Amino acid sequence: TPAGFYAHRNNRGDAYGISIDLADSGFDFFAGGGLDVSDRNSTNHAQYAKCGDAYEYVRSKGYKIVETKDQFLALKPGDGKVFTKFTNSALEYMIDADGSQPTLAEMVAKAAEMLDGDSGFFIMAEGGRVDWAGHDNDAATNLRDVLALDAAVKVALEFQDRHPDDTLVVVTGDHETGGMSMGFAGTGYALYMDRLVNQTMSVGKFGEKVDAAFRAKPDLSFDDVKPIIAEAFGFKFEGDAKKDSMVLTEAELKGIVAAFDHDVQFHKSKIEENSKYDGEKRYLLGGECRVVMSHKCGIGWSSGAHTAMPVLTTAKGRCAEQFTGFIENTDISRIMKAFYE
């Protein structure tokens, strides 16, 4: 989505070309994880011979490359064009974040501080990992990134409150992912969102921990992974499930053990994992644990892909009335562009 505002490539996988377009855009402020500069996206690209290393090309276009949170927060108006490099990929999920990277709210606040002036400015900010967590059907991870987006919106609204006559804030989404629903027959249609607080890491981070355990101990047993499961999801293997919702029922434990047994055999096969959104998730333990967590909370999912569910669009400020009723999502850009014509 952010690249759609500055890049002109016919393939979203052309990460190197998109990086070059970023540098050539001349936009004043880029904040996020960093560029995808892996070999498959750079050294074999036809344009690489002309432009070279993507980060050096960004630097050659006059951008100050910021690599730490402290450097980022210390930026002041007049520091010139800014590009952040906190990683060579996406920022961490909020559930996995250790505080070393700025939050989306901090990025929006710094962008407004840097860009504010008589000529005005436009900011596009995305809570992009909400979508990824939807693909994973990972409710706890999804919720925390939604809350991070909400915090960023609050920053924008605070700016709008200080400049009510000439500021517009629009919040929308390009699509829904996962078909998340609240209220599940297994919980008597009740919702227990508070149980999500027991999950301490994303399903992806959990998978990395289990993979590391497999590599460290090829004959890994289920007893070996119990502590990892307990740490990640807050599940308990002993106790009365009727009195403590986090105690695994016999059926839940059976499903998790079966998933682990599958993963033991899959790990031994050394077949490359298929990680496509709509493909089979070859390692099953993380997926089974997040299913159990969703069921304990009363959360349902209809898909691991995008859905056709309508998304909410809200607006506040000057010309906010333009965003009412049902709107084709691509019309939002046309409405906003018209404000500048």
# chains A, B, ... in the order shown; residues from 1 in each chain; ligands from 1
>>> residues_around(residues="A:His306", least_positions_apart="5", cutoff="12 Å", atoms="only C-alpha atoms", output="list in words")
Asp131, Trp132, Ala133, Gly134, His135, Asp136, Asn137, Gly173, Asp174, His175, Glu176, Thr177, Gly178, Gly179, Met180, Tyr277, Asp278, Trp301 and Val311 of chain A
>>> write_last_selection(atoms="N, CA and C atoms", output="PDB file, in the first residue's frame")
ATOM      1  N   ASP A 131      -2.909  -7.070   8.514  1.00  0.00           N
ATOM      2  CA  ASP A 131      -3.243  -7.988   7.413  1.00  0.00           C
ATOM      3  C   ASP A 131      -2.519  -9.314   7.564  1.00  0.00           C
ATOM      4  N   TRP A 132      -1.234  -9.267   7.892  1.00  0.00           N
ATOM      5  CA  TRP A 132      -0.452 -10.496   8.016  1.00  0.00           C
ATOM      6  C   TRP A 132      -0.991 -11.369   9.143  1.00  0.00           C
ATOM      7  N   ALA A 133      -1.354 -10.739  10.257  1.00  0.00           N
ATOM      8  CA  ALA A 133      -1.907 -11.504  11.374  1.00  0.00           C
ATOM      9  C   ALA A 133      -3.263 -12.094  11.001  1.00  0.00           C
ATOM     10  N   GLY A 134      -4.008 -11.395  10.129  1.00  0.00           N
ATOM     11  CA  GLY A 134      -5.269 -11.937   9.641  1.00  0.00           C
ATOM     12  C   GLY A 134      -5.041 -13.167   8.784  1.00  0.00           C
ATOM     13  N   HIS A 135      -4.025 -13.123   7.932  1.00  0.00           N
ATOM     14  CA  HIS A 135      -3.677 -14.300   7.133  1.00  0.00           C
ATOM     15  C   HIS A 135      -3.332 -15.492   8.030  1.00  0.00           C
ATOM     16  N   ASP A 136      -2.675 -15.218   9.145  1.00  0.00           N
ATOM     17  CA  ASP A 136      -2.277 -16.285  10.068  1.00  0.00           C
ATOM     18  C   ASP A 136      -3.416 -16.695  11.001  1.00  0.00           C
ATOM     19  N   ASN A 137      -4.552 -16.004  10.928  1.00  0.00           N
ATOM     20  CA  ASN A 137      -5.654 -16.247  11.875  1.00  0.00           C
ATOM     21  C   ASN A 137      -5.146 -16.173  13.316  1.00  0.00           C
ATOM     22  N   GLY A 173      -9.353   0.771   5.234  1.00  0.00           N
ATOM     23  CA  GLY A 173      -8.580  -0.434   4.963  1.00  0.00           C
ATOM     24  C   GLY A 173      -8.824  -0.855   3.527  1.00  0.00           C
ATOM     25  N   ASP A 174      -7.851  -1.526   2.916  1.00  0.00           N
ATOM     26  CA  ASP A 174      -8.037  -1.916   1.518  1.00  0.00           C
ATOM     27  C   ASP A 174      -8.887  -3.165   1.389  1.00  0.00           C
ATOM     28  N   HIS A 175      -8.971  -3.967   2.469  1.00  0.00           N
ATOM     29  CA  HIS A 175      -9.789  -5.183   2.445  1.00  0.00           C
ATOM     30  C   HIS A 175      -9.791  -5.793   3.836  1.00  0.00           C
ATOM     31  N   GLU A 176     -10.633  -6.771   4.047  1.00  0.00           N
ATOM     32  CA  GLU A 176     -10.622  -7.553   5.288  1.00  0.00           C
ATOM     33  C   GLU A 176      -9.842  -8.836   5.028  1.00  0.00           C
ATOM     34  N   THR A 177      -9.206  -9.348   6.068  1.00  0.00           N
ATOM     35  CA  THR A 177      -8.417 -10.565   5.919  1.00  0.00           C
ATOM     36  C   THR A 177      -8.774 -11.566   7.014  1.00  0.00           C
ATOM     37  N   GLY A 178      -9.075 -12.776   6.614  1.00  0.00           N
ATOM     38  CA  GLY A 178      -9.274 -13.851   7.568  1.00  0.00           C
ATOM     39  C   GLY A 178     -10.720 -14.148   7.917  1.00  0.00           C
ATOM     40  N   GLY A 179     -11.620 -13.197   7.701  1.00  0.00           N
ATOM     41  CA  GLY A 179     -13.021 -13.404   8.055  1.00  0.00           C
ATOM     42  C   GLY A 179     -13.215 -13.592   9.546  1.00  0.00           C
ATOM     43  N   MET A 180     -12.564 -12.763  10.339  1.00  0.00           N
ATOM     44  CA  MET A 180     -12.652 -12.874  11.795  1.00  0.00           C
ATOM     45  C   MET A 180     -14.064 -12.577  12.276  1.00  0.00           C
ATOM     46  N   TYR A 277       0.114 -18.017   1.485  1.00  0.00           N
ATOM     47  CA  TYR A 277      -1.068 -17.705   2.273  1.00  0.00           C
ATOM     48  C   TYR A 277      -2.142 -18.786   2.130  1.00  0.00           C
ATOM     49  N   ASP A 278      -2.410 -19.214   0.908  1.00  0.00           N
ATOM     50  CA  ASP A 278      -3.499 -20.147   0.654  1.00  0.00           C
ATOM     51  C   ASP A 278      -3.019 -21.583   0.547  1.00  0.00           C
ATOM     52  N   TRP A 301     -12.808 -17.869  12.391  1.00  0.00           N
ATOM     53  CA  TRP A 301     -12.158 -17.418  11.160  1.00  0.00           C
ATOM     54  C   TRP A 301     -12.761 -18.179   9.988  1.00  0.00           C
ATOM     55  N   VAL A 311     -15.199  -2.887   4.559  1.00  0.00           N
ATOM     56  CA  VAL A 311     -14.379  -2.326   5.633  1.00  0.00           C
ATOM     57  C   VAL A 311     -14.885  -0.936   5.976  1.00  0.00           C
TER      58      VAL A 311
END
>>> residues_around(residues="stretch 201-214 of chain A", least_positions_apart="2", cutoff="8 Å", atoms="only C-alpha atoms", output="PyMOL selection string")
chain A and resi 93+95-96+136+138+140-141+199+216-220+225+228-229+232-233+267+285-287+290
>>> atom_distance(atom1="atom CA of A:Val291", atom2="atom CA of A:Gly188")
16.8 Å
>>> closest_residue(among="A:Phe260, A:Phe235, A:Tyr340, A:Tyr189", to="A:Ile299", atoms="only C-alpha atoms")
A:Tyr189
>>> select_by_dssp(residues="stretch 51-294 of chain A", states="alpha helix (DSSP H)", output="JSON, numbers by chain")
{"A": [51, 54, 55, 56, 57, 58, 59, 60, 69, 70, 71, 72, 73, 104, 105, 106, 107, 108, 109, 110, 111, 112, 113, 114, 115, 129, 130, 131, 132, 133, 134, 135, 139, 140, 141, 142, 143, 144, 145, 146, 147, 148, 149, 150, 151, 152, 153, 154, 155, 156, 157, 158, 159, 160, 161, 162, 203, 204, 205, 206, 207, 208, 209, 210, 211, 212, 213, 214, 215, 216, 222, 223, 224, 225, 226, 227, 228, 229, 230, 231, 232, 233, 250, 251, 252, 253, 254, 255, 256, 257, 258, 259, 260, 261, 262, 263, 264, 265, 266, 267, 268, 269, 285, 286, 287, 288, 289, 290, 291, 292, 293, 294]}
>>> write_last_selection(atoms="C-alpha atoms", output="short mmCIF file (atom, residue, chain, number, x, y, z; two decimals), in the first residue's frame")
data_model
loop_
_atom_site.label_atom_id
_atom_site.label_comp_id
_atom_site.auth_asym_id
_atom_site.auth_seq_id
_atom_site.Cartn_x
_atom_site.Cartn_y
_atom_site.Cartn_z
CA CYS A 51 21.78 2.05 -9.74
CA ALA A 54 19.58 0.31 -3.00
CA TYR A 55 20.52 1.99 0.28
CA GLU A 56 23.44 3.81 -1.33
CA TYR A 57 21.10 4.95 -4.10
CA VAL A 58 18.70 6.31 -1.49
CA ARG A 59 21.60 8.13 0.16
CA SER A 60 22.74 9.56 -3.19
CA LYS A 69 15.15 4.63 17.52
CA ASP A 70 17.14 7.26 19.41
CA GLN A 71 18.34 8.82 16.15
CA PHE A 72 14.78 8.80 14.88
CA LEU A 73 13.23 10.45 17.91
CA LEU A 104 3.52 3.56 14.28
CA ALA A 105 2.20 6.29 16.59
CA GLU A 106 5.73 7.61 17.11
CA MET A 107 6.32 7.57 13.36
CA VAL A 108 3.14 9.54 12.65
CA ALA A 109 4.00 12.05 15.38
CA LYS A 110 7.52 12.54 14.04
CA ALA A 111 6.29 12.85 10.45
CA ALA A 112 3.82 15.58 11.44
CA GLU A 113 6.53 17.38 13.39
CA MET A 114 8.96 17.24 10.47
CA LEU A 115 6.50 18.16 7.72
CA ARG A 129 0.90 -6.22 9.86
CA VAL A 130 -2.78 -6.31 10.80
CA ASP A 131 -3.24 -7.99 7.41
CA TRP A 132 -0.45 -10.50 8.02
CA ALA A 133 -1.91 -11.50 11.37
CA GLY A 134 -5.27 -11.94 9.64
CA HIS A 135 -3.68 -14.30 7.13
CA ALA A 139 -6.15 -13.16 16.98
CA ALA A 140 -3.87 -11.95 19.79
CA THR A 141 -1.27 -10.65 17.33
CA ASN A 142 -3.95 -9.05 15.16
CA LEU A 143 -5.55 -7.24 18.09
CA ARG A 144 -2.30 -5.75 19.35
CA ASP A 145 -1.47 -4.34 15.92
CA VAL A 146 -5.00 -2.93 15.60
CA LEU A 147 -4.44 -1.18 18.93
CA ALA A 148 -1.11 0.16 17.64
CA LEU A 149 -2.95 1.55 14.60
CA ASP A 150 -5.55 3.06 16.92
CA ALA A 151 -2.78 4.82 18.86
CA ALA A 152 -1.44 6.27 15.60
CA VAL A 153 -4.91 7.51 14.63
CA LYS A 154 -5.14 9.26 18.00
CA VAL A 155 -1.92 11.12 17.20
CA ALA A 156 -3.40 12.26 13.89
CA LEU A 157 -6.64 13.34 15.58
CA GLU A 158 -4.71 15.34 18.17
CA PHE A 159 -3.03 17.22 15.31
CA GLN A 160 -6.42 17.73 13.67
CA ASP A 161 -7.80 19.16 16.92
CA ARG A 162 -5.00 21.74 16.92
CA VAL A 203 2.43 -17.60 15.93
CA GLY A 204 5.38 -16.88 13.65
CA LYS A 205 7.72 -16.15 16.57
CA PHE A 206 6.48 -19.32 18.29
CA GLY A 207 7.31 -21.28 15.13
CA GLU A 208 10.84 -19.87 15.17
CA LYS A 209 11.31 -21.02 18.76
CA VAL A 210 10.07 -24.52 17.99
CA ASP A 211 12.26 -24.70 14.88
CA ALA A 212 15.28 -23.69 16.97
CA ALA A 213 14.38 -26.41 19.47
CA PHE A 214 14.22 -28.98 16.66
CA ARG A 215 17.62 -27.94 15.35
CA ALA A 216 19.13 -28.07 18.83
CA PHE A 222 6.42 -33.25 23.31
CA ASP A 223 7.50 -32.75 26.92
CA ASP A 224 10.36 -30.61 25.54
CA VAL A 225 7.98 -28.23 23.75
CA LYS A 226 5.44 -27.96 26.57
CA PRO A 227 7.31 -25.02 28.18
CA ILE A 228 7.48 -23.22 24.82
CA ILE A 229 3.73 -23.70 24.29
CA ALA A 230 3.01 -22.52 27.83
CA GLU A 231 5.19 -19.44 27.39
CA ALA A 232 3.72 -18.52 24.03
CA PHE A 233 0.01 -19.16 24.60
CA GLU A 250 -8.58 -33.63 26.50
CA ALA A 251 -9.70 -32.84 22.95
CA GLU A 252 -7.53 -29.72 22.71
CA LEU A 253 -4.48 -31.56 24.00
CA LYS A 254 -5.09 -34.42 21.58
CA GLY A 255 -5.13 -32.00 18.61
CA ILE A 256 -1.94 -30.25 19.74
CA VAL A 257 -0.10 -33.52 20.29
CA ALA A 258 -1.18 -34.76 16.86
CA ALA A 259 0.13 -31.56 15.28
CA PHE A 260 3.45 -31.95 17.07
CA ASP A 261 3.76 -35.59 15.98
CA HIS A 262 3.17 -34.45 12.39
CA ASP A 263 5.85 -31.76 12.73
CA VAL A 264 8.37 -34.28 14.07
CA GLN A 265 8.00 -36.35 10.92
CA PHE A 266 7.95 -33.31 8.68
CA HIS A 267 11.13 -31.95 10.24
CA LYS A 268 12.86 -35.29 9.64
CA SER A 269 11.74 -35.25 5.99
CA LEU A 285 1.83 -27.01 15.77
CA GLY A 286 1.63 -23.21 15.72
CA GLY A 287 -1.54 -23.30 13.65
CA GLU A 288 -3.21 -25.79 15.99
CA CYS A 289 -2.29 -23.71 19.05
CA ARG A 290 -3.76 -20.54 17.57
CA VAL A 291 -6.96 -22.46 16.67
CA VAL A 292 -7.26 -23.59 20.28
CA MET A 293 -6.66 -20.03 21.48
CA SER A 294 -9.31 -18.63 19.14
#
>>> atom_distance(atom1="atom CA of A:Leu248", atom2="atom CA of A:Leu191")
17.9 Å
>>> select_by_dssp(residues="stretch 35-219 of chain A", states="strand (DSSP E or B)", output="PDB file with N, CA, C and O atoms, in the first residue's frame")
ATOM      1  N   LYS A  64      18.812  11.303   4.498  1.00  0.00           N
ATOM      2  CA  LYS A  64      19.539  10.951   5.709  1.00  0.00           C
ATOM      3  C   LYS A  64      18.993   9.616   6.189  1.00  0.00           C
ATOM      4  O   LYS A  64      17.803   9.488   6.479  1.00  0.00           O
ATOM      5  N   ILE A  65      19.845   8.586   6.262  1.00  0.00           N
ATOM      6  CA  ILE A  65      19.403   7.258   6.664  1.00  0.00           C
ATOM      7  C   ILE A  65      19.548   7.107   8.170  1.00  0.00           C
ATOM      8  O   ILE A  65      20.648   7.225   8.708  1.00  0.00           O
ATOM      9  N   VAL A  66      18.438   6.877   8.829  1.00  0.00           N
ATOM     10  CA  VAL A  66      18.376   6.765  10.283  1.00  0.00           C
ATOM     11  C   VAL A  66      18.229   5.288  10.650  1.00  0.00           C
ATOM     12  O   VAL A  66      17.353   4.601  10.125  1.00  0.00           O
ATOM     13  N   VAL A  82      14.360  12.242   5.044  1.00  0.00           N
ATOM     14  CA  VAL A  82      14.649  11.170   6.000  1.00  0.00           C
ATOM     15  C   VAL A  82      14.210   9.817   5.451  1.00  0.00           C
ATOM     16  O   VAL A  82      13.131   9.685   4.858  1.00  0.00           O
ATOM     17  N   PHE A  83      15.062   8.825   5.683  1.00  0.00           N
ATOM     18  CA  PHE A  83      14.699   7.434   5.393  1.00  0.00           C
ATOM     19  C   PHE A  83      15.170   6.576   6.566  1.00  0.00           C
ATOM     20  O   PHE A  83      16.303   6.705   7.020  1.00  0.00           O
ATOM     21  N   THR A  84      14.296   5.704   7.068  1.00  0.00           N
ATOM     22  CA  THR A  84      14.685   4.861   8.205  1.00  0.00           C
ATOM     23  C   THR A  84      15.071   3.462   7.751  1.00  0.00           C
ATOM     24  O   THR A  84      14.486   2.901   6.835  1.00  0.00           O
ATOM     25  N   LEU A 168      -7.550  17.183   7.473  1.00  0.00           N
ATOM     26  CA  LEU A 168      -8.467  16.062   7.270  1.00  0.00           C
ATOM     27  C   LEU A 168      -7.752  14.770   7.633  1.00  0.00           C
ATOM     28  O   LEU A 168      -6.627  14.533   7.191  1.00  0.00           O
ATOM     29  N   VAL A 169      -8.410  13.930   8.429  1.00  0.00           N
ATOM     30  CA  VAL A 169      -7.890  12.606   8.773  1.00  0.00           C
ATOM     31  C   VAL A 169      -8.863  11.563   8.250  1.00  0.00           C
ATOM     32  O   VAL A 169     -10.057  11.617   8.550  1.00  0.00           O
ATOM     33  N   VAL A 170      -8.369  10.640   7.438  1.00  0.00           N
ATOM     34  CA  VAL A 170      -9.190   9.564   6.883  1.00  0.00           C
ATOM     35  C   VAL A 170      -8.573   8.231   7.305  1.00  0.00           C
ATOM     36  O   VAL A 170      -7.365   8.036   7.173  1.00  0.00           O
ATOM     37  N   VAL A 171      -9.403   7.327   7.788  1.00  0.00           N
ATOM     38  CA  VAL A 171      -8.943   6.004   8.207  1.00  0.00           C
ATOM     39  C   VAL A 171      -9.741   4.953   7.446  1.00  0.00           C
ATOM     40  O   VAL A 171     -10.979   4.975   7.464  1.00  0.00           O
ATOM     41  N   GLU A 176     -10.633  -6.771   4.047  1.00  0.00           N
ATOM     42  CA  GLU A 176     -10.622  -7.553   5.288  1.00  0.00           C
ATOM     43  C   GLU A 176      -9.842  -8.836   5.028  1.00  0.00           C
ATOM     44  O   GLU A 176      -9.816  -9.330   3.915  1.00  0.00           O
ATOM     45  N   THR A 177      -9.206  -9.348   6.068  1.00  0.00           N
ATOM     46  CA  THR A 177      -8.417 -10.565   5.919  1.00  0.00           C
ATOM     47  C   THR A 177      -8.774 -11.566   7.014  1.00  0.00           C
ATOM     48  O   THR A 177      -8.764 -11.226   8.189  1.00  0.00           O
ATOM     49  N   SER A 181     -14.574 -13.437  13.154  1.00  0.00           N
ATOM     50  CA  SER A 181     -15.901 -13.243  13.737  1.00  0.00           C
ATOM     51  C   SER A 181     -15.824 -13.420  15.242  1.00  0.00           C
ATOM     52  O   SER A 181     -14.912 -14.076  15.763  1.00  0.00           O
ATOM     53  N   MET A 182     -16.751 -12.832  15.950  1.00  0.00           N
ATOM     54  CA  MET A 182     -16.754 -12.868  17.405  1.00  0.00           C
ATOM     55  C   MET A 182     -18.034 -13.528  17.887  1.00  0.00           C
ATOM     56  O   MET A 182     -19.132 -13.110  17.512  1.00  0.00           O
TER      57      MET A 182
END
>>> closest_residue(among="A:Lys81, A:Ala315, A:Arg12, A:Ala74", to="A:Gly26", atoms="only C-alpha atoms")
A:Lys81
>>> atom_distance(atom1="atom CA of A:Ser303", atom2="atom CA of A:Gly183")
16.3 Å
>>> residues_around(residues="A:Ser333", least_positions_apart="5", cutoff="12 Å", atoms="only C-alpha atoms", output="list in words")
Gly4, Phe5, Met124, Val170, Thr172, Asp174, Gln322, Phe323, Ile327, Glu328, Ala338, Phe339 and Tyr340 of chain A
>>> closest_residue(among="A:Gln47, A:Ser100, A:Thr167, A:Ser89", to="A:Gly317", atoms="only C-alpha atoms")
A:Thr167
